[in-house]
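Next comes my_file03.cif, with mmCIF, C-alpha atoms and all ligand atoms.
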```cif
data_structure
#
loop_
_atom_site.label_atom_id
_atom_site.label_comp_id
_atom_site.auth_asym_id
_atom_site.auth_seq_id
_atom_site.Cartn_x
_atom_site.Cartn_y
_atom_site.Cartn_z
CA MET A 1 -4.74 -13.08 -1.96
CA LYS A 2 -2.68 -11.77 0.94
CA GLU A 3 -0.36 -9.92 -1.45
CA LEU A 4 -3.35 -8.06 -2.94
CA THR A 5 -4.82 -7.02 0.41
CA GLY A 6 -3.68 -3.70 1.87
CA LEU A 7 -4.63 -1.17 4.49
CA GLY A 8 -4.07 2.53 4.97
CA TYR A 9 -1.77 2.50 8.00
CA ARG A 10 -3.06 4.52 10.95
CA ALA A 11 -1.37 4.54 14.36
CA PRO A 12 -4.36 2.98 16.26
CA PHE A 13 -3.91 -0.18 14.15
CA HIS A 14 -0.23 -0.60 15.00
CA ALA A 15 -0.48 -3.23 17.75
CA ASP A 16 -2.92 -5.38 15.76
CA LEU A 17 -0.73 -5.19 12.69
CA ILE A 18 2.42 -6.15 14.57
CA ASN A 19 0.94 -8.76 16.92
CA GLY A 20 -2.17 -9.99 15.18
CA HIS A 21 -0.71 -11.42 11.96
CA PRO A 22 -3.76 -10.42 9.87
CA GLU A 23 -4.13 -11.56 6.28
CA ILE A 24 -2.73 -8.27 4.98
CA GLY A 25 0.23 -8.07 2.63
CA TRP A 26 0.93 -4.35 2.40
CA LEU A 27 0.36 -1.03 4.11
CA GLU A 28 -0.01 2.42 2.59
CA ILE A 29 1.55 5.26 4.55
CA ILE A 30 1.06 8.98 4.00
CA THR A 31 4.46 10.02 2.66
CA GLU A 32 4.62 13.42 4.33
CA ASN A 33 3.92 11.95 7.79
CA TYR A 34 7.24 10.08 7.65
CA LEU A 35 9.44 11.70 5.02
CA TRP A 36 11.33 14.07 7.30
CA ASP A 37 11.42 12.00 10.51
CA LYS A 38 14.52 10.00 11.35
CA GLY A 39 13.39 9.13 14.88
CA SER A 40 10.44 7.21 16.29
CA ARG A 41 8.29 7.39 13.15
CA ARG A 42 11.10 5.99 11.01
CA LYS A 43 11.63 3.19 13.54
CA ARG A 44 7.90 2.39 13.37
CA LEU A 45 8.08 2.15 9.58
CA GLU A 46 11.11 -0.09 9.72
CA ARG A 47 9.30 -2.36 12.19
CA LEU A 48 6.22 -2.53 9.93
CA ARG A 49 8.42 -3.27 6.95
CA GLU A 50 9.58 -6.49 8.62
CA ASN A 51 6.03 -7.87 8.15
CA TYR A 52 4.54 -5.85 5.28
CA GLU A 53 5.36 -4.29 1.95
CA LEU A 54 4.92 -0.52 1.96
CA ALA A 55 3.24 1.82 -0.51
CA PHE A 56 3.89 5.58 -0.21
CA HIS A 57 0.94 7.93 -0.76
CA GLY A 58 1.84 11.61 -1.10
CA VAL A 59 -0.45 14.58 -0.58
CA SER A 60 1.78 17.53 -1.48
CA LEU A 61 3.21 16.96 -4.96
CA SER A 62 0.69 19.44 -6.42
CA LEU A 63 1.14 17.86 -9.85
CA ALA A 64 -1.15 20.29 -11.66
CA ALA A 65 0.23 23.49 -10.10
CA PRO A 66 1.57 25.98 -12.66
CA GLU A 67 5.07 25.94 -11.17
CA GLU A 68 7.78 23.36 -11.67
CA PHE A 69 8.29 20.76 -8.94
CA ASP A 70 10.09 21.58 -5.72
CA ASN A 71 13.39 19.83 -6.46
CA LYS A 72 14.25 19.56 -2.78
CA TYR A 73 11.04 17.60 -2.18
CA LEU A 74 11.75 15.27 -5.11
CA SER A 75 15.32 14.65 -3.90
CA GLU A 76 14.11 13.90 -0.37
CA LEU A 77 11.44 11.57 -1.74
CA LYS A 78 14.06 9.75 -3.83
CA VAL A 79 16.25 9.15 -0.77
CA PHE A 80 13.20 8.02 1.24
CA CYS A 81 12.30 5.53 -1.52
CA ASP A 82 15.87 4.26 -1.83
CA GLU A 83 15.95 3.62 1.91
CA LEU A 84 12.52 2.01 2.44
CA LYS A 85 11.90 0.53 -1.02
CA PRO A 86 8.13 0.99 -1.34
CA THR A 87 6.26 -1.15 -3.86
CA ARG A 88 4.38 1.89 -5.21
CA VAL A 89 4.64 5.68 -4.87
CA SER A 90 1.48 7.66 -5.51
CA ASP A 91 0.04 11.16 -5.38
CA HIS A 92 -3.05 12.93 -6.71
CA LEU A 93 -4.28 14.36 -10.00
CA CYS A 94 -4.72 17.82 -8.51
CA TRP A 95 -3.07 21.02 -7.45
CA SER A 96 -2.77 22.01 -3.80
CA SER A 97 -0.24 24.82 -3.85
CA THR A 98 0.83 27.74 -5.99
CA GLY A 99 3.10 30.74 -5.55
CA GLY A 100 4.41 29.38 -2.25
CA HIS A 101 0.92 29.05 -0.72
CA PHE A 102 -0.27 25.63 0.37
CA TRP A 103 -3.85 24.47 0.86
CA HIS A 104 -4.96 21.33 2.64
CA ASP A 105 -7.39 20.67 -0.19
CA LEU A 106 -6.67 18.62 -3.27
CA LEU A 107 -8.15 20.77 -6.00
CA PRO A 108 -9.30 19.83 -9.51
CA PHE A 109 -8.31 21.75 -12.64
CA PRO A 110 -9.55 21.98 -16.26
CA TYR A 111 -8.97 18.73 -18.14
CA THR A 112 -7.70 20.27 -21.36
CA GLU A 113 -5.16 19.28 -24.04
CA GLU A 114 -2.98 22.17 -22.87
CA ASN A 115 -2.95 20.90 -19.29
CA LEU A 116 -2.42 17.35 -20.52
CA ASN A 117 0.75 18.37 -22.37
CA ARG A 118 1.94 20.33 -19.34
CA LEU A 119 1.35 17.39 -16.97
CA VAL A 120 2.96 14.92 -19.38
CA SER A 121 6.20 16.95 -19.04
CA LYS A 122 5.90 17.07 -15.26
CA VAL A 123 5.18 13.34 -14.89
CA LEU A 124 8.18 12.53 -17.11
CA ILE A 125 10.40 14.77 -14.96
CA TRP A 126 9.14 13.03 -11.80
CA GLN A 127 9.70 9.56 -13.27
CA ASP A 128 13.16 10.45 -14.56
CA LYS A 129 14.12 11.67 -11.10
CA LEU A 130 12.53 8.82 -9.10
CA LYS A 131 13.30 6.06 -11.64
CA ARG A 132 9.87 4.46 -11.21
CA PRO A 133 6.33 5.02 -12.49
CA LEU A 134 4.33 7.71 -10.74
CA VAL A 135 1.00 6.27 -9.56
CA ILE A 136 -1.70 8.94 -9.88
CA GLU A 137 -5.01 8.95 -8.02
CA ASN A 138 -8.33 10.24 -9.36
CA LEU A 139 -9.91 12.93 -7.22
CA SER A 140 -13.14 13.44 -5.35
CA ALA A 141 -14.35 16.96 -6.03
CA TYR A 142 -17.12 19.48 -5.41
CA ILE A 143 -16.38 21.91 -8.22
CA ALA A 144 -15.67 21.31 -11.90
CA SER A 145 -14.29 23.61 -14.58
CA SER A 146 -16.48 24.52 -17.54
CA LYS A 147 -13.23 24.70 -19.55
CA SER A 148 -12.63 20.94 -19.39
CA GLU A 149 -12.42 19.31 -22.81
CA MET A 150 -12.54 15.72 -21.53
CA SER A 151 -13.44 13.83 -18.37
CA GLU A 152 -10.98 13.32 -15.53
CA TYR A 153 -10.76 9.63 -16.41
CA ALA A 154 -10.10 10.27 -20.11
CA PHE A 155 -7.41 12.73 -18.99
CA LEU A 156 -5.82 10.10 -16.72
CA ALA A 157 -5.92 7.51 -19.50
CA ALA A 158 -4.19 9.95 -21.89
CA LEU A 159 -1.55 10.68 -19.24
CA VAL A 160 -0.87 6.94 -18.94
CA ALA A 161 -0.62 6.56 -22.72
CA LYS A 162 1.93 9.39 -23.00
CA THR A 163 4.09 8.70 -19.92
CA ASP A 164 3.60 5.06 -18.81
CA CYS A 165 2.58 6.35 -15.42
CA GLN A 166 0.08 4.22 -13.49
CA ILE A 167 -3.30 4.84 -11.88
CA LEU A 168 -4.44 4.62 -8.28
CA LEU A 169 -8.14 4.17 -8.88
CA ASP A 170 -10.22 5.36 -5.93
CA LEU A 171 -13.65 3.80 -6.43
CA ASN A 172 -15.18 5.80 -3.59
CA ASN A 173 -14.03 9.00 -5.31
CA MET A 174 -15.77 7.82 -8.48
CA VAL A 175 -18.99 7.25 -6.54
CA VAL A 176 -18.71 10.66 -4.80
CA ASN A 177 -18.20 12.36 -8.17
CA SER A 178 -21.05 10.40 -9.72
CA LYS A 179 -23.40 12.09 -7.26
CA ASN A 180 -21.73 15.53 -7.34
CA PHE A 181 -21.47 15.76 -11.13
CA LYS A 182 -24.10 13.27 -12.31
CA ILE A 183 -21.57 11.11 -14.11
CA ASP A 184 -21.85 7.36 -14.64
CA PRO A 185 -18.80 5.67 -13.05
CA TYR A 186 -19.25 2.55 -15.18
CA LYS A 187 -19.18 4.67 -18.34
CA GLU A 188 -16.10 6.54 -17.08
CA LEU A 189 -14.38 3.21 -16.35
CA GLU A 190 -14.48 2.50 -20.09
CA HIS A 191 -11.66 5.04 -20.45
CA ILE A 192 -9.42 3.12 -18.07
CA ASN A 193 -7.29 0.14 -19.10
CA LEU A 194 -7.22 -1.90 -15.89
CA ASN A 195 -3.70 -3.07 -16.76
CA SER A 196 -2.59 0.48 -15.95
CA VAL A 197 -4.25 0.45 -12.52
CA ALA A 198 -1.61 -0.38 -9.92
CA GLN A 199 -3.76 0.07 -6.84
CA ILE A 200 -7.36 0.54 -5.68
CA HIS A 201 -8.68 2.68 -2.83
CA LEU A 202 -11.93 1.74 -1.08
CA ALA A 203 -13.41 4.17 1.43
CA GLY A 204 -16.65 5.60 2.76
CA HIS A 205 -18.31 8.99 2.40
CA ILE A 206 -21.34 10.89 3.67
CA ASP A 207 -24.34 11.51 1.44
CA SER A 208 -26.30 14.72 1.88
CA GLU A 209 -29.43 15.48 -0.08
CA HIS A 210 -27.75 17.10 -3.07
CA PHE A 211 -24.12 16.03 -2.94
CA ALA A 212 -21.65 13.60 -1.40
CA ILE A 213 -18.84 14.55 0.99
CA ASP A 214 -15.69 12.45 0.87
CA THR A 215 -15.00 11.93 4.58
CA HIS A 216 -13.29 8.50 4.81
CA SER A 217 -15.25 8.19 8.06
CA LYS A 218 -17.10 4.95 7.46
CA ALA A 219 -17.09 1.70 5.52
CA PRO A 220 -17.60 1.83 1.73
CA ASN A 221 -21.26 2.13 0.73
CA GLU A 222 -23.23 -0.21 -1.52
CA ALA A 223 -22.46 1.75 -4.70
CA THR A 224 -18.72 1.54 -3.98
CA TRP A 225 -18.95 -2.19 -3.20
CA ASP A 226 -20.87 -2.74 -6.45
CA LEU A 227 -18.17 -0.90 -8.40
CA TRP A 228 -15.49 -2.90 -6.61
CA GLN A 229 -17.19 -6.17 -7.47
CA PHE A 230 -17.43 -5.07 -11.11
CA VAL A 231 -13.72 -4.12 -11.28
CA SER A 232 -12.34 -7.01 -9.22
CA GLN A 233 -14.15 -9.59 -11.34
CA LYS A 234 -12.29 -8.20 -14.37
CA LYS A 235 -8.81 -7.97 -12.87
CA LYS A 236 -7.10 -8.74 -9.57
CA ILE A 237 -5.50 -5.49 -8.43
CA PRO A 238 -3.93 -4.60 -5.04
CA PHE A 239 -6.67 -2.93 -2.98
CA MET A 240 -6.95 -1.28 0.42
CA ILE A 241 -9.34 0.39 2.80
CA GLU A 242 -8.79 4.12 3.55
CA TRP A 243 -10.16 5.33 6.88
CA ASP A 244 -9.16 8.80 8.09
CA GLU A 245 -11.94 10.13 10.34
CA GLU A 246 -13.73 8.43 13.21
CA ILE A 247 -11.22 5.61 12.97
CA PRO A 248 -12.85 2.43 14.32
CA SER A 249 -11.38 -0.68 15.91
CA PHE A 250 -9.07 -2.79 13.82
CA SER A 251 -11.67 -5.57 13.76
CA GLU A 252 -14.22 -3.27 12.11
CA VAL A 253 -11.75 -2.24 9.41
CA LYS A 254 -10.91 -5.92 8.98
CA ARG A 255 -14.59 -6.60 8.31
CA SER A 256 -14.42 -4.22 5.34
CA LEU A 257 -11.30 -5.99 4.07
CA ASP A 258 -13.10 -9.33 4.41
CA GLN A 259 -16.07 -7.93 2.50
CA ALA A 260 -13.75 -6.72 -0.27
CA ARG A 261 -12.18 -10.16 -0.50
CA SER A 262 -15.55 -11.85 -0.48
CA LEU A 263 -16.81 -9.67 -3.35
CA MET A 264 -13.70 -10.68 -5.32
CA GLY A 265 -14.86 -14.24 -4.89
CA TYR A 266 -12.30 -15.12 -2.24
CA HIS A 267 -13.19 -16.35 1.25
CA LEU A 268 -10.77 -16.86 4.13
FE FE B 301 -8.13 7.68 -2.08
#
```
Could I get this structure in the form of structure tokens?
Amino acid sequence: MKELTGLGYRAPFHADLINGHPEIGWLEIITENYLWDKGSRRKRLERLRENYELAFHGVSLSLAAPEEFDNKYLSELKVFCDELKPTRVSDHLCWSSTGGHFWHDLLPFPYTEENLNRLVSKVLIWQDKLKRPLVIENLSAYIASSKSEMSEYAFLAALVAKTDCQILLDLNNMVVNSKNFKIDPYKELEHINLNSVAQIHLAGHIDSEHFAIDTHSKAPNEATWDLWQFVSQKKKIPFMIEWDEEIPSFSEVKRSLDQARSLMGYHL
């Protein structure tokens, strides 16, 4: 069970992770927070790596952007992976830059055959360069294109079929989108072969009257826990809690991890 249990690494958890010996097997780090640092941040990663496996989670690949990849970024990422040997390397099914402009938002795009073929080529280029499967996360979103010819999850499944990439399935994002776009997450899950899911994200969001806002500022809600129970009963997949705003004490995050384990049918 320990090898399945992960946590999104945040600096306030450092002392507990190093000194507390929690039942956690791996940590996810935000790639861009460490990629270019050879000083104190790198030392911190190397210290963590003595106790935990690492997963890298990128936010700037901009997979669906119209341009080709930034080769410098891919080369730097390859060196970073060779040095720290992460178990998984992920990024998002989105675009976040174009024409040299960068946004902090991870933006959706039309899920069309044309874009599928374009992204198949890009994923294959990434995988050829990095010599490992790219793990791609489904998005939470607030806008959707009327040009889409399939759902995001059907698009992801087709990408897996054509490239052997893997999926980072964010169940909170599915719940957020279920409210924002009136989709049924259980129906969408029918597109996904769980054997292609390398990792799960669990997080919390804020519900307003008409839509959900993906804040990662609280524990997962009941709908996300229900989805997690449904998925985890079918297949045991590495999972983690993501918490990015209003970061609580380590013991509170640990409670969410314990709840996740309990819903899988495992008790410490
Ligand atoms: Fe996520």
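Straight-line separation from CA of Asp128 in chain A to CA of Asp164 in chain A: 11.8 Å.
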| query | Looking at all atoms listed in the file, which of A:Glu67, A:Glu245, A:Glu83, A:Asp16 is the one that sits closest to Leu45 in chain A? | reply |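 When distances to Leu45 in chain A are compared using all atoms listed in the file, the smallest one comes from A:Glu83.
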| If you count all atoms listed in the file, which residues fall within 7 Å of range 189-201 of chain A, apart from same-chain ones fewer than 4 positions away, as a list in words? |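 Neighbouring residues, sequence-local ones excluded: Tyr153, Ala154, Ala157, Gln166, Ile167, Leu168, Leu169, Asp170, Leu171, Pro185, Lys235, Ile237, Pro238, Phe239, Met240, Ile241 and Glu242 of chain A.
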| request: Step by step, measure atom-to-atom distances between ligand FE 301 (chain B) and each residue using only C-alpha atoms and all ligand atoms, keep those at most 12 Å, then write them as a ChimeraX atom specification. | output: /A:7-8,28-30,57-59,90-93,106,135-141,167-176,199-205,214-216,220,239-244
| query | What does the distance between CA of Ser62 in chain A and CA of Ile206 in chain A come to in Å, to one decimal place? | reply | 25.7 Å
| field | Å distance separating CA of Thr163 in chain A from CA of Leu116 in chain A, one decimal place | value | 10.8 Å
| request: Can you pull out every residue within 12 Å of Asn115 in chain A, counting all atoms listed in the file, but drop anything in the same chain fewer than 3 positions away, and send it as a list in words? | output: Leu63, Ala64, Ala65, Pro66, Leu93, Cys94, Trp95, Pro108, Phe109, Pro110, Tyr111, Thr112, Arg118, Leu119, Val120, Ser121, Lys122, Val123, Lys147, Ser148, Glu149, Met150, Glu152, Phe155, Leu156, Ala158 and Leu159 of chain A
Kindly save the residues from that selection, with C-alpha atoms included, as a tab-separated table (two decimals), in the coordinates of the input.
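The new file result.tsv reads:
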```tsv
chain	number	residue	atom	x	y	z
A	63	LEU	CA	1.14	17.86	-9.85
A	64	ALA	CA	-1.15	20.29	-11.66
A	65	ALA	CA	0.23	23.49	-10.10
A	66	PRO	CA	1.57	25.98	-12.66
A	93	LEU	CA	-4.28	14.36	-10.00
A	94	CYS	CA	-4.72	17.82	-8.51
A	95	TRP	CA	-3.07	21.02	-7.45
A	108	PRO	CA	-9.30	19.83	-9.51
A	109	PHE	CA	-8.31	21.75	-12.64
A	110	PRO	CA	-9.55	21.98	-16.26
A	111	TYR	CA	-8.97	18.73	-18.14
A	112	THR	CA	-7.70	20.27	-21.36
A	118	ARG	CA	1.94	20.33	-19.34
A	119	LEU	CA	1.35	17.39	-16.97
A	120	VAL	CA	2.96	14.92	-19.38
A	121	SER	CA	6.20	16.95	-19.04
A	122	LYS	CA	5.90	17.07	-15.26
A	123	VAL	CA	5.18	13.34	-14.89
A	147	LYS	CA	-13.23	24.70	-19.55
A	148	SER	CA	-12.63	20.94	-19.39
A	149	GLU	CA	-12.42	19.31	-22.81
A	150	MET	CA	-12.54	15.72	-21.53
A	152	GLU	CA	-10.98	13.32	-15.53
A	155	PHE	CA	-7.41	12.73	-18.99
A	156	LEU	CA	-5.82	10.10	-16.72
A	158	ALA	CA	-4.19	9.95	-21.89
A	159	LEU	CA	-1.55	10.68	-19.24
```
| task | For each of A:Glu246, A:Asp70, A:Asp184, A:Glu50, take the minimum atom-to-atom distance to Pro12 in chain A, counting only C-alpha atoms, then give the residue where this is smallest. | result | A:Glu246
Set up a box along x, y and z of the file covering all listed atoms of range 68-80 of chain A, add 3 Å on every one of the six sides, and write the centre and edge lengths in Å to one decimal, as JSON.
```
{"center_x": 12.0, "center_y": 15.7, "center_z": -5.2, "size_x": 14.5, "size_y": 21.3, "size_z": 18.9}
```
| Smallest atom-to-atom distance to Leu61 in chain A: which of A:Ala161, A:Leu17, A:Leu77, A:Ile247, using only C-alpha atoms? | A:Leu77
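Candidate residues A:Leu263, A:Leu27, A:Ala144, A:Val253 were compared for distance to Phe230 in chain A, and the nearest is A:Leu263, using all atoms listed in the file.
Minimum atom-to-atom distance to Asn221 in chain A, evaluated using all atoms listed in the file, belongs to A:Gln259 out of A:Gln259, A:Ser96, A:Asn19, A:Asn33.
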| For the point (-30.8, 19.9, -5.8) in file coordinates, what residues are within 12 Å, counting all atoms listed in the file? Give the answer as a ChimeraX atom specification? | /A:179-182,208-212
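Residue nearest Leu35 in chain A within the list A:Leu74, A:Ile213, A:Val231, A:Met264: A:Leu74 [criterion: smallest interatomic distance, all atoms listed in the file].
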